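> query-v9.cif is the file, holding mmCIF, C-alpha atoms:
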```cif
data_structure
loop_
_atom_site.label_atom_id
_atom_site.label_comp_id
_atom_site.auth_asym_id
_atom_site.auth_seq_id
_atom_site.Cartn_x
_atom_site.Cartn_y
_atom_site.Cartn_z
CA MET A 1 102.55 87.02 183.79
CA ARG A 2 100.92 88.63 180.74
CA ALA A 3 102.84 90.66 178.16
CA ALA A 4 102.29 92.02 174.66
CA VAL A 5 104.97 90.41 172.48
CA LEU A 6 106.29 91.38 169.04
CA GLU A 7 106.20 88.16 166.99
CA GLU A 8 106.40 89.67 163.48
CA HIS A 9 107.13 93.24 162.45
CA GLY A 10 103.92 94.88 161.28
CA GLU A 11 101.72 92.08 162.66
CA LEU A 12 99.53 92.74 165.71
CA LEU A 13 101.32 92.28 169.03
CA GLU A 14 100.33 89.03 170.75
CA VAL A 15 99.28 89.06 174.40
CA GLN A 16 100.93 85.99 175.90
CA ASP A 17 101.86 84.40 179.21
CA VAL A 18 105.60 84.79 179.82
CA ASP A 19 107.91 84.13 182.75
CA TYR A 20 107.92 86.67 185.57
CA PRO A 21 111.39 88.31 185.63
CA GLU A 22 113.95 87.67 188.35
CA PRO A 23 116.30 90.56 189.26
CA GLU A 24 120.01 90.49 188.47
CA PRO A 25 122.16 91.85 191.33
CA ASP A 26 122.03 95.46 189.98
CA GLN A 27 118.34 95.30 189.02
CA VAL A 28 114.89 95.79 190.45
CA ILE A 29 111.66 94.37 189.10
CA VAL A 30 108.90 96.93 188.66
CA GLU A 31 105.25 95.90 188.53
CA THR A 32 103.72 98.06 185.82
CA GLU A 33 100.84 100.30 186.89
CA ALA A 34 100.77 102.37 183.68
CA CYS A 35 102.71 102.60 180.43
CA GLY A 36 102.30 105.06 177.57
CA VAL A 37 101.91 103.92 173.97
CA CYS A 38 104.41 105.93 171.93
CA ARG A 39 105.10 106.39 168.22
CA SER A 40 108.55 105.03 168.99
CA ASP A 41 106.81 101.75 169.90
CA TRP A 42 105.12 101.95 166.50
CA HIS A 43 108.50 102.43 164.79
CA ALA A 44 109.85 99.37 166.62
CA TRP A 45 106.75 97.35 165.76
CA ARG A 46 107.17 98.32 162.11
CA GLY A 47 110.82 97.26 162.11
CA ASP A 48 112.32 100.73 161.68
CA TRP A 49 115.62 102.10 162.93
CA GLY A 50 117.95 99.37 161.77
CA TRP A 51 119.99 102.24 160.34
CA VAL A 52 120.76 103.48 163.87
CA GLY A 53 121.28 100.02 165.32
CA VAL A 54 118.04 99.91 167.33
CA GLN A 55 115.74 97.44 165.60
CA ALA A 56 113.53 95.52 168.00
CA PRO A 57 113.96 91.75 167.55
CA LYS A 58 111.12 89.30 167.20
CA GLY A 59 110.01 88.16 170.63
CA GLN A 60 110.57 91.63 172.10
CA ILE A 61 108.28 93.09 174.78
CA LEU A 62 107.89 96.75 173.86
CA GLY A 63 106.87 99.65 176.13
CA HIS A 64 109.16 102.40 177.40
CA GLU A 65 106.99 104.97 179.23
CA PRO A 66 106.32 103.18 182.52
CA ALA A 67 105.41 103.91 186.07
CA GLY A 68 104.99 101.27 188.72
CA ILE A 69 105.89 99.71 192.04
CA VAL A 70 109.13 97.92 192.91
CA SER A 71 108.31 94.26 193.57
CA ALA A 72 111.77 92.69 193.88
CA VAL A 73 115.25 94.07 194.59
CA GLY A 74 118.64 92.71 193.48
CA GLU A 75 121.26 92.05 196.13
CA ASP A 76 123.52 94.95 195.06
CA VAL A 77 120.77 97.60 194.97
CA GLU A 78 121.11 100.08 197.84
CA THR A 79 118.59 102.91 197.41
CA LEU A 80 115.36 101.11 196.52
CA SER A 81 112.97 98.90 198.43
CA GLU A 82 109.93 96.80 197.65
CA GLY A 83 106.88 99.04 197.48
CA ASP A 84 108.69 102.13 196.15
CA ARG A 85 106.72 104.05 193.51
CA VAL A 86 109.04 104.69 190.58
CA THR A 87 109.39 105.71 186.98
CA VAL A 88 112.19 104.82 184.59
CA PRO A 89 113.58 106.80 181.64
CA PHE A 90 113.54 105.02 178.30
CA HIS A 91 117.31 105.55 177.99
CA LEU A 92 118.84 103.28 180.61
CA GLY A 93 122.35 104.51 181.42
CA ASP A 94 125.22 102.71 183.10
CA GLY A 95 125.83 105.53 185.60
CA THR A 96 129.59 105.43 185.12
CA CYS A 97 130.46 106.84 181.68
CA PRO A 98 131.60 110.49 181.36
CA HIS A 99 128.16 111.62 180.19
CA CYS A 100 126.37 109.91 183.07
CA ARG A 101 128.83 111.37 185.58
CA GLU A 102 128.11 114.83 184.15
CA GLY A 103 124.37 114.34 184.61
CA ARG A 104 123.56 113.57 180.97
CA ALA A 105 122.31 110.00 181.23
CA ASN A 106 120.39 110.45 177.98
CA ASN A 107 123.78 110.53 176.20
CA CYS A 108 125.22 107.48 177.99
CA GLU A 109 127.95 105.75 176.00
CA THR A 110 126.37 102.34 176.64
CA VAL A 111 122.73 103.42 176.68
CA ILE A 112 120.22 100.58 176.51
CA PRO A 113 116.77 101.65 175.30
CA LEU A 114 114.03 100.13 177.44
CA GLY A 115 111.72 97.92 175.40
CA PHE A 116 113.77 97.95 172.21
CA THR A 117 116.29 95.17 172.87
CA SER A 118 116.11 91.68 174.32
CA ILE A 119 118.36 92.62 177.25
CA ALA A 120 115.84 95.28 178.34
CA PRO A 121 112.31 93.86 178.08
CA GLY A 122 109.75 96.64 178.09
CA ALA A 123 106.73 97.58 180.16
CA PHE A 124 103.86 96.30 178.00
CA ALA A 125 103.79 93.58 180.64
CA GLU A 126 102.73 93.05 184.22
CA ALA A 127 106.36 93.57 185.30
CA PHE A 128 109.77 94.41 183.84
CA PRO A 129 113.43 94.55 185.02
CA VAL A 130 115.51 97.74 185.27
CA ARG A 131 119.31 97.67 184.85
CA GLU A 132 121.52 99.71 187.22
CA ALA A 133 118.41 100.40 189.25
CA ASP A 134 120.07 102.71 191.78
CA TYR A 135 120.95 105.02 188.90
CA ASN A 136 117.95 104.64 186.57
CA CYS A 137 114.92 104.45 188.86
CA VAL A 138 113.34 107.76 189.85
CA LYS A 139 111.10 107.76 192.91
CA LEU A 140 107.73 109.40 192.31
CA PRO A 141 106.38 112.19 194.53
CA ASP A 142 103.07 111.30 196.16
CA GLU A 143 101.25 113.96 194.11
CA VAL A 144 102.19 112.35 190.77
CA ASP A 145 99.94 109.39 189.95
CA PHE A 146 100.93 106.50 187.72
CA THR A 147 98.83 107.43 184.69
CA GLU A 148 100.07 111.02 184.81
CA MET A 149 103.64 109.74 185.05
CA ALA A 150 103.16 107.53 182.01
CA GLY A 151 102.01 110.69 180.22
CA LEU A 152 105.19 112.37 181.43
CA GLY A 153 107.39 109.55 180.15
CA CYS A 154 109.37 109.78 176.89
CA ARG A 155 107.32 112.32 174.93
CA PHE A 156 106.62 114.89 177.64
CA MET A 157 110.11 114.80 179.12
CA THR A 158 111.64 114.82 175.63
CA ALA A 159 109.61 117.90 174.73
CA TYR A 160 110.66 119.61 177.95
CA HIS A 161 114.35 118.94 177.35
CA ALA A 162 113.98 120.05 173.72
CA LEU A 163 112.46 123.40 174.67
CA ALA A 164 114.00 124.27 178.02
CA ASP A 165 117.51 122.91 177.44
CA ARG A 166 118.25 122.49 173.76
CA ALA A 167 116.32 125.52 172.46
CA ASP A 168 116.83 127.67 175.58
CA LEU A 169 113.21 128.79 175.27
CA ARG A 170 112.37 132.22 176.68
CA PRO A 171 109.05 133.84 177.57
CA GLY A 172 107.63 135.63 174.55
CA ASP A 173 109.28 133.36 171.98
CA TRP A 174 107.21 132.18 169.04
CA VAL A 175 107.37 128.37 168.86
CA ALA A 176 106.20 126.37 165.85
CA VAL A 177 105.44 122.71 166.53
CA HIS A 178 105.22 120.57 163.41
CA GLY A 179 103.24 117.42 164.15
CA CYS A 180 100.68 117.26 166.96
CA GLY A 181 101.03 113.72 168.19
CA GLY A 182 101.97 113.01 171.80
CA VAL A 183 105.34 114.78 171.78
CA GLY A 184 103.99 117.68 169.71
CA LEU A 185 101.05 118.27 172.04
CA SER A 186 103.43 118.02 174.99
CA ALA A 187 105.60 120.70 173.39
CA ILE A 188 102.55 122.93 172.87
CA HIS A 189 101.55 122.63 176.53
CA ILE A 190 105.09 123.15 177.82
CA ALA A 191 105.78 126.13 175.56
CA SER A 192 102.55 127.79 176.67
CA ALA A 193 103.26 127.07 180.36
CA LEU A 194 106.73 128.60 180.03
CA GLY A 195 105.36 131.84 178.60
CA ALA A 196 106.00 131.29 174.89
CA HIS A 197 103.54 131.60 171.97
CA PRO A 198 103.03 128.16 170.41
CA ILE A 199 101.81 127.64 166.83
CA ALA A 200 100.52 124.13 166.14
CA VAL A 201 101.00 122.68 162.65
CA ASP A 202 99.29 119.45 161.58
CA VAL A 203 97.13 117.88 158.87
CA ARG A 204 94.21 116.97 161.16
CA GLU A 205 91.77 119.46 162.58
CA ASP A 206 90.94 117.31 165.62
CA LYS A 207 94.60 117.36 166.67
CA LEU A 208 94.74 121.11 166.13
CA ASP A 209 91.63 121.45 168.29
CA ARG A 210 93.44 119.56 171.05
CA ALA A 211 96.48 121.81 170.57
CA ARG A 212 94.31 124.89 171.12
CA GLU A 213 93.01 123.37 174.35
CA LEU A 214 96.61 122.90 175.47
CA GLY A 215 97.70 126.46 174.75
CA ALA A 216 98.33 126.93 171.03
CA VAL A 217 97.71 130.59 170.20
CA GLU A 218 97.61 129.88 166.45
CA THR A 219 97.17 126.78 164.30
CA VAL A 220 98.03 125.85 160.73
CA ASN A 221 96.21 123.04 158.91
CA VAL A 222 98.73 121.92 156.31
CA THR A 223 95.97 120.64 154.01
CA GLU A 224 94.40 124.10 153.76
CA VAL A 225 97.41 126.29 152.93
CA GLU A 226 99.81 126.40 150.02
CA ASN A 227 102.96 126.82 152.11
CA PRO A 228 102.75 126.00 155.84
CA ALA A 229 106.17 127.48 156.56
CA ASN A 230 105.17 130.84 155.09
CA GLU A 231 101.94 130.66 157.08
CA VAL A 232 103.91 130.22 160.30
CA LYS A 233 106.17 133.12 159.35
CA ALA A 234 103.18 135.39 158.83
CA LEU A 235 101.58 134.39 162.14
CA ALA A 236 104.86 134.87 164.03
CA GLY A 237 105.60 138.27 162.52
CA GLY A 238 108.51 137.21 160.34
CA GLY A 239 109.30 133.72 161.57
CA ALA A 240 109.40 131.50 164.63
CA ASP A 241 112.15 131.86 167.22
CA VAL A 242 112.04 128.12 167.86
CA SER A 243 110.61 125.35 165.70
CA ILE A 244 110.29 121.65 166.46
CA ASP A 245 109.89 118.71 164.12
CA ALA A 246 107.90 116.39 166.35
CA LEU A 247 107.22 113.81 163.66
CA GLY A 248 110.42 112.93 161.81
CA ILE A 249 109.51 112.92 158.13
CA ALA A 250 111.28 114.99 155.49
CA GLU A 251 108.35 117.36 154.99
CA THR A 252 107.95 118.31 158.66
CA CYS A 253 111.69 118.73 159.19
CA GLN A 254 112.05 120.96 156.14
CA ASN A 255 108.93 122.97 156.99
CA SER A 256 110.21 123.44 160.51
CA ILE A 257 113.49 124.95 159.31
CA ASP A 258 111.77 127.03 156.63
CA SER A 259 109.39 128.54 159.22
CA LEU A 260 112.23 130.04 161.31
CA ALA A 261 113.23 133.67 161.58
CA THR A 262 116.84 134.71 161.18
CA ARG A 263 118.92 133.27 164.07
CA GLY A 264 116.08 130.90 164.88
CA THR A 265 116.53 127.46 166.42
CA HIS A 266 115.28 124.19 164.97
CA VAL A 267 115.05 121.19 167.32
CA GLN A 268 114.77 117.72 165.83
CA VAL A 269 112.77 115.45 168.12
CA GLY A 270 111.09 112.99 165.76
CA LEU A 271 113.24 110.15 164.46
CA THR A 272 112.80 109.25 160.82
CA THR A 273 110.86 106.46 159.15
CA GLY A 274 112.02 103.87 156.65
CA GLU A 275 111.38 106.31 153.83
CA GLU A 276 114.08 108.73 155.06
CA ALA A 277 116.24 106.10 156.80
CA GLY A 278 117.95 108.82 158.81
CA HIS A 279 118.73 111.27 155.97
CA ILE A 280 116.84 114.46 155.06
CA ASP A 281 117.89 117.24 152.66
CA LEU A 282 118.42 120.59 154.44
CA PRO A 283 118.70 124.18 153.13
CA VAL A 284 122.24 124.55 154.47
CA ASP A 285 123.07 127.76 152.59
CA ARG A 286 120.10 129.61 154.10
CA MET A 287 120.84 128.09 157.49
CA THR A 288 124.38 129.40 157.21
CA MET A 289 123.49 132.88 155.98
CA GLN A 290 120.67 133.34 158.51
CA GLU A 291 122.63 131.69 161.34
CA ILE A 292 119.95 129.13 162.00
CA ASP A 293 120.80 126.60 164.70
CA PHE A 294 119.96 122.91 164.29
CA HIS A 295 119.77 120.85 167.49
CA GLY A 296 118.98 117.23 168.14
CA SER A 297 117.15 116.30 171.32
CA PHE A 298 116.98 112.82 172.84
CA GLY A 299 115.11 112.09 176.03
CA MET A 300 115.98 114.13 179.12
CA PRO A 301 118.82 114.03 181.68
CA LEU A 302 117.78 112.30 184.89
CA VAL A 303 118.77 115.36 186.92
CA ARG A 304 115.90 117.31 185.32
CA TYR A 305 113.15 115.16 186.82
CA GLU A 306 113.08 117.13 190.07
CA GLU A 307 112.49 120.37 188.18
CA LEU A 308 109.64 118.75 186.27
CA PHE A 309 108.11 117.41 189.48
CA ASP A 310 108.34 120.89 191.05
CA LEU A 311 106.55 122.46 188.07
CA ILE A 312 103.84 119.79 188.31
CA ALA A 313 103.43 120.43 192.05
CA GLN A 314 103.07 124.15 191.33
CA GLY A 315 100.40 123.44 188.71
CA THR A 316 102.54 125.00 185.95
CA LEU A 317 102.75 121.74 184.02
CA GLU A 318 99.93 119.20 183.81
CA PRO A 319 101.11 116.12 181.88
CA GLY A 320 97.82 114.38 182.60
CA LYS A 321 96.19 116.75 180.10
CA ILE A 322 98.14 115.08 177.30
CA VAL A 323 96.71 111.62 178.07
CA GLY A 324 94.24 110.82 175.33
CA GLU A 325 92.77 107.53 176.58
CA THR A 326 93.43 104.67 178.96
CA LEU A 327 93.23 101.09 177.77
CA SER A 328 93.86 97.48 178.69
CA LEU A 329 96.76 95.33 177.57
CA ASP A 330 94.33 93.45 175.32
CA GLU A 331 93.38 96.68 173.56
CA LEU A 332 97.01 97.67 173.02
CA PRO A 333 97.74 95.77 169.76
CA GLU A 334 94.94 97.47 167.82
CA THR A 335 95.76 100.87 169.30
CA LEU A 336 99.40 100.57 168.28
CA ALA A 337 98.44 99.47 164.77
CA SER A 338 96.09 102.46 164.43
CA MET A 339 99.15 104.71 164.51
CA ASP A 340 99.63 103.72 160.86
CA ASP A 341 96.96 106.30 160.11
CA TYR A 342 97.88 108.73 162.92
CA GLU A 343 94.52 108.02 164.54
CA THR A 344 95.51 108.45 168.19
CA ILE A 345 95.09 111.88 169.78
CA GLY A 346 97.27 112.67 172.76
CA ILE A 347 98.99 109.86 174.64
CA PRO A 348 97.23 106.48 175.02
CA VAL A 349 98.18 104.81 178.31
CA VAL A 350 97.82 101.15 179.24
CA THR A 351 96.54 100.93 182.81
CA GLU A 352 95.06 97.40 182.95
CA PHE A 353 97.43 94.47 182.62
CA GLU A 354 95.57 91.52 184.12
CA GLU A 355 92.67 89.72 182.44
#
```
Translate the structure of the given file into structure tokens.

Amino acid sequence: MRAAVLEEHGELLEVQDVDYPEPEPDQVIVETEACGVCRSDWHAWRGDWGWVGVQAPKGQILGHEPAGIVSAVGEDVETLSEGDRVTVPFHLGDGTCPHCREGRANNCETVIPLGFTSIAPGAFAEAFPVREADYNCVKLPDEVDFTEMAGLGCRFMTAYHALADRADLRPGDWVAVHGCGGVGLSAIHIASALGAHPIAVDVREDKLDRARELGAVETVNVTEVENPANEVKALAGGGADVSIDALGIAETCQNSIDSLATRGTHVQVGLTTGEEAGHIDLPVDRMTMQEIDFHGSFGMPLVRYEELFDLIAQGTLEPGKIVGETLSLDELPETLASMDDYETIGIPVVTEFEE
């Protein structure tokens, strides 16, 4: 089968012929119908995240926002059959640790990130294996198509968990979103759909235009103002109730916190680059005196998928709107590399895997 393989960090992925996977007893094999191209893939391609113990090795098949069809089933798998339409979270849990048993698979003690380690080859391939398939595979409702599901993967579900669960977003809240890539635009759409007032903050006007289309009531072009945090405060009447750093660089994290009102909530979604290596200076005295909350947000618990599917069925959420373009596996290497310059708008999705 064909797959896009990481041969050297920072060098274009190579589309190669590799062996078709065989399922372990607890696994299924999923034939990939669609897979999103995420900035996290870009981080892995660049060789980031060694400081958190998740550095993709050479020879890795990336891709962690998949949707597809079960093509083979391991002998111990009980709830899945060939032909099932499924998606898979990027955080593959074991299903047995205390966090998994409490419904928080995204915090699994032995989490294995799909597409970031050799024991979990990713979905930039015609097919990929899924560990503990009974626990990790989510069957897709008929009304959710594969491309839309790939748009829902990682970034959309992460944004939903960040707003609905970690920030406890309420209708009428002012929400500042710093960075309008895939997860930022997802957060804009979700915040608007849930009755909040999103403010989009970015350096590119074309991304701010897309944010307006998705529900941003105000926008801030960082290149055109002296202090973007003060600009957000003015637009929100004193400060945002919730602010998200959707990028993961020091500037966006600090601006996010600085844009909050007293007792506001910052949610960190973007993971850092090699420049920060996991550490960013924070205004802890002001955070203390103004009782500002700082939350991390990683993925989404598996138990929340049904709620997301219900909101999609109702037309409240439309993850397909975040999809920026569809492409072939052969176009993937250049698209991923273009993220160096933040050129992609919305979520690119690979939908063609054969030649």
> Please identify all polymer residues within 12 Å of region 301-315 of chain A, counting only C-alpha atoms, omitting same-chain residues fewer than 5 positions from it, and present them as an NGL selection string.
:A and (86-93 or 95 or 99-108 or 135-145 or 148-149 or 152-154 or 156-162 or 164-166 or 190 or 193-194 or 320-321)
> Need the shell around region 213-223 of chain A: protein/DNA/RNA residues with any atom at most 7 Å away, counting only C-alpha atoms. Skip same-chain ones fewer than 5 positions apart. Format as a CSV table (one decimal) with C-alpha atoms, in the coordinates of the input?

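Just written: out12.csv:
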```csv
chain,number,residue,atom,x,y,z
A,188,ILE,CA,102.6,122.9,172.9
A,189,HIS,CA,101.6,122.6,176.5
A,192,SER,CA,102.6,127.8,176.7
A,197,HIS,CA,103.5,131.6,172.0
A,198,PRO,CA,103.0,128.2,170.4
A,199,ILE,CA,101.8,127.6,166.8
A,200,ALA,CA,100.5,124.1,166.1
A,201,VAL,CA,101.0,122.7,162.6
A,202,ASP,CA,99.3,119.4,161.6
A,203,VAL,CA,97.1,117.9,158.9
A,204,ARG,CA,94.2,117.0,161.2
A,205,GLU,CA,91.8,119.5,162.6
A,208,LEU,CA,94.7,121.1,166.1
A,228,PRO,CA,102.8,126.0,155.8
```
> Could you list, as a list in words, every residue within 7 Å of Asn255 (chain A), counting all atoms listed in the file and ignoring same-chain residues fewer than 3 positions away?
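Using all atoms listed in the file, the neighbours found are Pro228, Ala229, Glu251, Thr252, Asp258 and Ser259 of chain A.
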> Please write as a VMD selection string the list of polymer residues whose atoms come within 12 Å of (111.4, 131.4, 160.2), counting all atoms listed in the file and keeping to the coordinates of the file.
chain A and resid 174 to 176 228 to 244 254 to 266 286 to 287 290 to 293
> Which polymer residues have any atom within 10 Å of an atom of Asp76 (chain A), counting only C-alpha atoms, with same-chain residues fewer than 2 positions away left out, as a PyMOL selection string?
chain A and resi 24-28+73-74+78-79+132-134
> Which residues, named as in the file, does the PyMOL selection byres ((chain A and resi 52) around 12) pick out? Answer as a PyMOL selection string.
chain A and resi 44+47-51+53-56+271-274+277-279
> Might you pull out every residue within 7 Å of Asp245 (chain A), with all atoms listed in the file counted and same-chain residues fewer than 4 positions away left off, and present them as a VMD selection string?
chain A and resid 177 to 179 252 to 253 256 267 to 270
